[in-house]
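Text of entry_8.pdb (PDB, C-alpha atoms, pLDDT in the B column) as supplied:
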```pdb
MODEL        1
ATOM      1  CA  MET B   1      95.811  97.207 108.578  1.00 54.00           C
ATOM      2  CA  THR B   2      93.552  99.496 106.675  1.00 74.00           C
ATOM      3  CA  ASN B   3      96.050 100.655 104.042  1.00 90.00           C
ATOM      4  CA  PRO B   4      96.343  98.116 101.191  1.00 92.00           C
ATOM      5  CA  HIS B   5      99.938  99.192 100.524  1.00 92.00           C
ATOM      6  CA  ASP B   6     100.873  98.017 104.036  1.00 94.00           C
ATOM      7  CA  ILE B   7      99.581  94.519 103.213  1.00 95.00           C
ATOM      8  CA  ILE B   8     101.200  94.034  99.784  1.00 95.00           C
ATOM      9  CA  ILE B   9     104.947  94.504 100.244  1.00 95.00           C
ATOM     10  CA  ARG B  10     106.385  93.576  96.819  1.00 94.00           C
ATOM     11  CA  PRO B  11     105.812  91.237  93.871  1.00 94.00           C
ATOM     12  CA  ILE B  12     107.865  88.074  93.428  1.00 93.00           C
ATOM     13  CA  VAL B  13     109.473  87.855  89.988  1.00 92.00           C
ATOM     14  CA  THR B  14     110.829  84.354  89.401  1.00 93.00           C
ATOM     15  CA  GLU B  15     110.719  81.901  86.539  1.00 94.00           C
ATOM     16  CA  GLN B  16     107.918  79.926  88.185  1.00 95.00           C
ATOM     17  CA  SER B  17     105.825  82.998  89.005  1.00 92.00           C
ATOM     18  CA  MET B  18     106.161  84.219  85.397  1.00 91.00           C
ATOM     19  CA  ALA B  19     104.945  80.821  84.151  1.00 92.00           C
ATOM     20  CA  ASP B  20     101.933  81.012  86.503  1.00 92.00           C
ATOM     21  CA  MET B  21     100.879  84.314  84.947  1.00 91.00           C
ATOM     22  CA  ALA B  22      99.494  82.337  81.985  1.00 90.00           C
ATOM     23  CA  GLU B  23      96.945  80.882  84.431  1.00 93.00           C
ATOM     24  CA  ASN B  24      96.092  84.333  85.915  1.00 92.00           C
ATOM     25  CA  LYS B  25      98.135  83.658  89.072  1.00 95.00           C
ATOM     26  CA  TYR B  26     100.257  86.442  90.559  1.00 95.00           C
ATOM     27  CA  THR B  27     102.696  86.121  93.465  1.00 96.00           C
ATOM     28  CA  PHE B  28     103.398  88.725  96.161  1.00 96.00           C
ATOM     29  CA  VAL B  29     105.274  89.045  99.438  1.00 97.00           C
ATOM     30  CA  VAL B  30     102.675  90.187 101.948  1.00 97.00           C
ATOM     31  CA  SER B  31     102.581  91.223 105.587  1.00 95.00           C
ATOM     32  CA  LYS B  32     102.978  88.322 108.015  1.00 95.00           C
ATOM     33  CA  LYS B  33      99.923  89.492 109.969  1.00 95.00           C
ATOM     34  CA  ALA B  34      97.576  89.686 106.956  1.00 95.00           C
ATOM     35  CA  ASN B  35      94.949  87.000 106.377  1.00 95.00           C
ATOM     36  CA  LYS B  36      93.504  85.825 103.052  1.00 96.00           C
ATOM     37  CA  THR B  37      90.509  88.171 103.180  1.00 96.00           C
ATOM     38  CA  GLU B  38      92.697  91.222 103.770  1.00 96.00           C
ATOM     39  CA  ILE B  39      95.056  90.178 100.966  1.00 96.00           C
ATOM     40  CA  LYS B  40      92.130  89.744  98.562  1.00 96.00           C
ATOM     41  CA  LYS B  41      90.705  93.188  99.371  1.00 95.00           C
ATOM     42  CA  ALA B  42      94.156  94.813  99.097  1.00 95.00           C
ATOM     43  CA  VAL B  43      94.882  93.351  95.641  1.00 95.00           C
ATOM     44  CA  GLU B  44      91.442  94.331  94.391  1.00 94.00           C
ATOM     45  CA  ALA B  45      91.869  97.879  95.730  1.00 94.00           C
ATOM     46  CA  VAL B  46      95.413  98.484  94.469  1.00 92.00           C
ATOM     47  CA  PHE B  47      95.201  96.879  91.019  1.00 92.00           C
ATOM     48  CA  GLY B  48      91.447  97.089  90.265  1.00 92.00           C
ATOM     49  CA  VAL B  49      91.002  93.377  89.466  1.00 94.00           C
ATOM     50  CA  ASN B  50      88.649  90.609  90.630  1.00 95.00           C
ATOM     51  CA  VAL B  51      90.281  87.958  92.836  1.00 95.00           C
ATOM     52  CA  GLU B  52      88.934  84.412  92.798  1.00 96.00           C
ATOM     53  CA  LYS B  53      91.257  82.688  95.258  1.00 96.00           C
ATOM     54  CA  VAL B  54      94.213  83.396  97.573  1.00 97.00           C
ATOM     55  CA  ASN B  55      96.787  80.828  98.728  1.00 97.00           C
ATOM     56  CA  THR B  56      99.326  81.780 101.403  1.00 97.00           C
ATOM     57  CA  LEU B  57     102.644  80.237 102.432  1.00 97.00           C
ATOM     58  CA  ASN B  58     104.746  81.102 105.493  1.00 97.00           C
ATOM     59  CA  TYR B  59     108.509  80.830 105.082  1.00 95.00           C
ATOM     60  CA  ASP B  60     110.928  80.667 108.012  1.00 95.00           C
ATOM     61  CA  GLY B  61     114.315  82.271 107.688  1.00 93.00           C
ATOM     62  CA  LYS B  62     117.207  79.965 106.846  1.00 95.00           C
ATOM     63  CA  VAL B  63     120.142  79.558 109.202  1.00 95.00           C
ATOM     64  CA  LYS B  64     123.253  81.114 107.684  1.00 95.00           C
ATOM     65  CA  ARG B  65     126.810  81.142 108.996  1.00 92.00           C
ATOM     66  CA  MET B  66     128.806  84.334 108.950  1.00 89.00           C
ATOM     67  CA  GLY B  67     132.257  83.264 110.086  1.00 91.00           C
ATOM     68  CA  ARG B  68     131.992  81.936 113.620  1.00 92.00           C
ATOM     69  CA  SER B  69     128.598  83.407 114.345  1.00 94.00           C
ATOM     70  CA  VAL B  70     125.284  82.015 113.144  1.00 94.00           C
ATOM     71  CA  GLY B  71     122.453  84.204 111.879  1.00 94.00           C
ATOM     72  CA  ARG B  72     119.135  83.842 110.111  1.00 94.00           C
ATOM     73  CA  THR B  73     117.703  85.287 106.930  1.00 94.00           C
ATOM     74  CA  ALA B  74     114.393  87.099 107.202  1.00 95.00           C
ATOM     75  CA  SER B  75     111.167  85.102 107.362  1.00 96.00           C
ATOM     76  CA  PHE B  76     108.273  86.194 105.133  1.00 97.00           C
ATOM     77  CA  LYS B  77     104.765  85.349 103.950  1.00 97.00           C
ATOM     78  CA  LYS B  78     104.017  84.700 100.280  1.00 97.00           C
ATOM     79  CA  ALA B  79     100.583  84.950  98.650  1.00 97.00           C
ATOM     80  CA  VAL B  80      99.579  83.439  95.298  1.00 97.00           C
ATOM     81  CA  VAL B  81      96.522  85.305  93.997  1.00 96.00           C
ATOM     82  CA  LYS B  82      94.334  83.763  91.282  1.00 96.00           C
ATOM     83  CA  LEU B  83      92.210  86.192  89.296  1.00 95.00           C
ATOM     84  CA  THR B  84      88.801  85.427  87.825  1.00 94.00           C
ATOM     85  CA  ALA B  85      88.545  84.529  84.135  1.00 92.00           C
ATOM     86  CA  ASP B  86      86.780  87.788  83.202  1.00 92.00           C
ATOM     87  CA  SER B  87      89.185  89.989  85.190  1.00 89.00           C
ATOM     88  CA  LYS B  88      91.772  92.180  83.495  1.00 88.00           C
ATOM     89  CA  GLU B  89      95.488  91.464  83.884  1.00 87.00           C
ATOM     90  CA  ILE B  90      97.725  93.332  86.313  1.00 86.00           C
ATOM     91  CA  GLU B  91      99.640  95.896  84.251  1.00 78.00           C
ATOM     92  CA  PHE B  92     102.591  95.925  86.676  1.00 72.00           C
ATOM     93  CA  PHE B  93     103.766  92.546  85.373  1.00 66.00           C
ATOM     94  CA  GLN B  94     103.491  93.403  81.673  1.00 64.00           C
ATOM     95  CA  GLY B  95     106.793  93.597  79.814  1.00 61.00           C
ATOM     96  CA  MET B  96     108.761  91.443  82.256  1.00 57.00           C
TER      97      MET B  96
ENDMDL
END
```
Since I need it in another form, could you write the structure as structure tokens?
Amino acid sequence: MTNPHDIIIRPIVTEQSMADMAENKYTFVVSKKANKTEIKKAVEAVFGVNVEKVNTLNYDGKVKRMGRSVGRTASFKKAVVKLTADSKEIEFFQGM
């Protein structure tokens, strides 16, 4: 995965992730195959910030019933990225 846009899929905009922005923590859905080093390099390349720490969480899809049949929601990987104190903020999240 050399393209950083293949690693970072989309940001997560929830009440908890907006509260974490005060502590310079930003939350993204990332590729399931990406490791912490690749996520760090991708965020630094795309947004031009300095990353201090990356925490990742793997989520399995939930079992959902659709009438008689049973299906699953999609599984995904979430990354919480903490920026350094002297780093600028990510402009994408401003105004939300």
*CA of His5 (chain B) to CA of Asn24 (chain B), straight-line distance in Å*: 21.2 Å
*Output of the PyMOL selection byres ((chain B and resi 21) around 12), listed as JSON, numbers by chain*: {"B": [12, 13, 14, 15, 16, 17, 18, 19, 20, 22, 23, 24, 25, 26, 27, 80, 81, 82, 83, 89, 90, 91, 92, 93, 94, 96]}
_Within 10 Å of (85.7, 86.3, 86.5) (file coordinates; all atoms listed in the file), which protein or nucleic acid residues are there? I'd like them as JSON, numbers by chain._
{"B": [49, 50, 51, 52, 83, 84, 85, 86, 87, 88]}
Writing out the chosen residues with C-alpha atoms as a PDB file, in the coordinates of the input:
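See again_19.pdb below for the written result:
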```pdb
ATOM      1  CA  VAL B  49      91.002  93.377  89.466  1.00 94.00           C
ATOM      2  CA  ASN B  50      88.649  90.609  90.630  1.00 95.00           C
ATOM      3  CA  VAL B  51      90.281  87.958  92.836  1.00 95.00           C
ATOM      4  CA  GLU B  52      88.934  84.412  92.798  1.00 96.00           C
ATOM      5  CA  LEU B  83      92.210  86.192  89.296  1.00 95.00           C
ATOM      6  CA  THR B  84      88.801  85.427  87.825  1.00 94.00           C
ATOM      7  CA  ALA B  85      88.545  84.529  84.135  1.00 92.00           C
ATOM      8  CA  ASP B  86      86.780  87.788  83.202  1.00 92.00           C
ATOM      9  CA  SER B  87      89.185  89.989  85.190  1.00 89.00           C
ATOM     10  CA  LYS B  88      91.772  92.180  83.495  1.00 88.00           C
TER      11      LYS B  88
END
```
_d(CA of Asp60 (chain B), CA of Phe47 (chain B)) in Å_ =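 Separation of CA of Asp60 (chain B) and CA of Phe47 (chain B): 28.3 Å.
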_What's the separation between CA of Thr73 (chain B) and CA of Asn58 (chain B), in Å to one decimal place?_
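According to the coordinates, CA of Thr73 (chain B) and CA of Asn58 (chain B) are separated by 13.7 Å.
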_Which residues, named as in the file, does the PyMOL selection byres ((chain B and resi 31) around 9) pick out? Answer as a list in words._
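What the PyMOL selection byres ((chain B and resi 31) around 9) grabs from the file is Asp6, Ile7, Ile8, Ile9, Val29, Val30, Lys32, Lys33, Ala34, Asn35, Ile39, Phe76, Lys77 and Lys78 of chain B.
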*Kindly resolve the PyMOL selection byres ((chain B and resi 74) around 10) on the present coordinates and return the residues as a count of residues only.*
10
_Just checking: using only C-alpha atoms, which residue out of B:Lys64, B:Val46, B:Thr37, B:Thr2 ends up closest to Ala79 (chain B)?_
B:Thr37
*Taking only C-alpha atoms into account, which of B:Val43, B:Phe28, B:Ser69, B:Pro4 comes nearest Leu57 (chain B)?*
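Between B:Val43, B:Phe28, B:Ser69, B:Pro4, the residue approaching Leu57 (chain B) most closely is B:Phe28.
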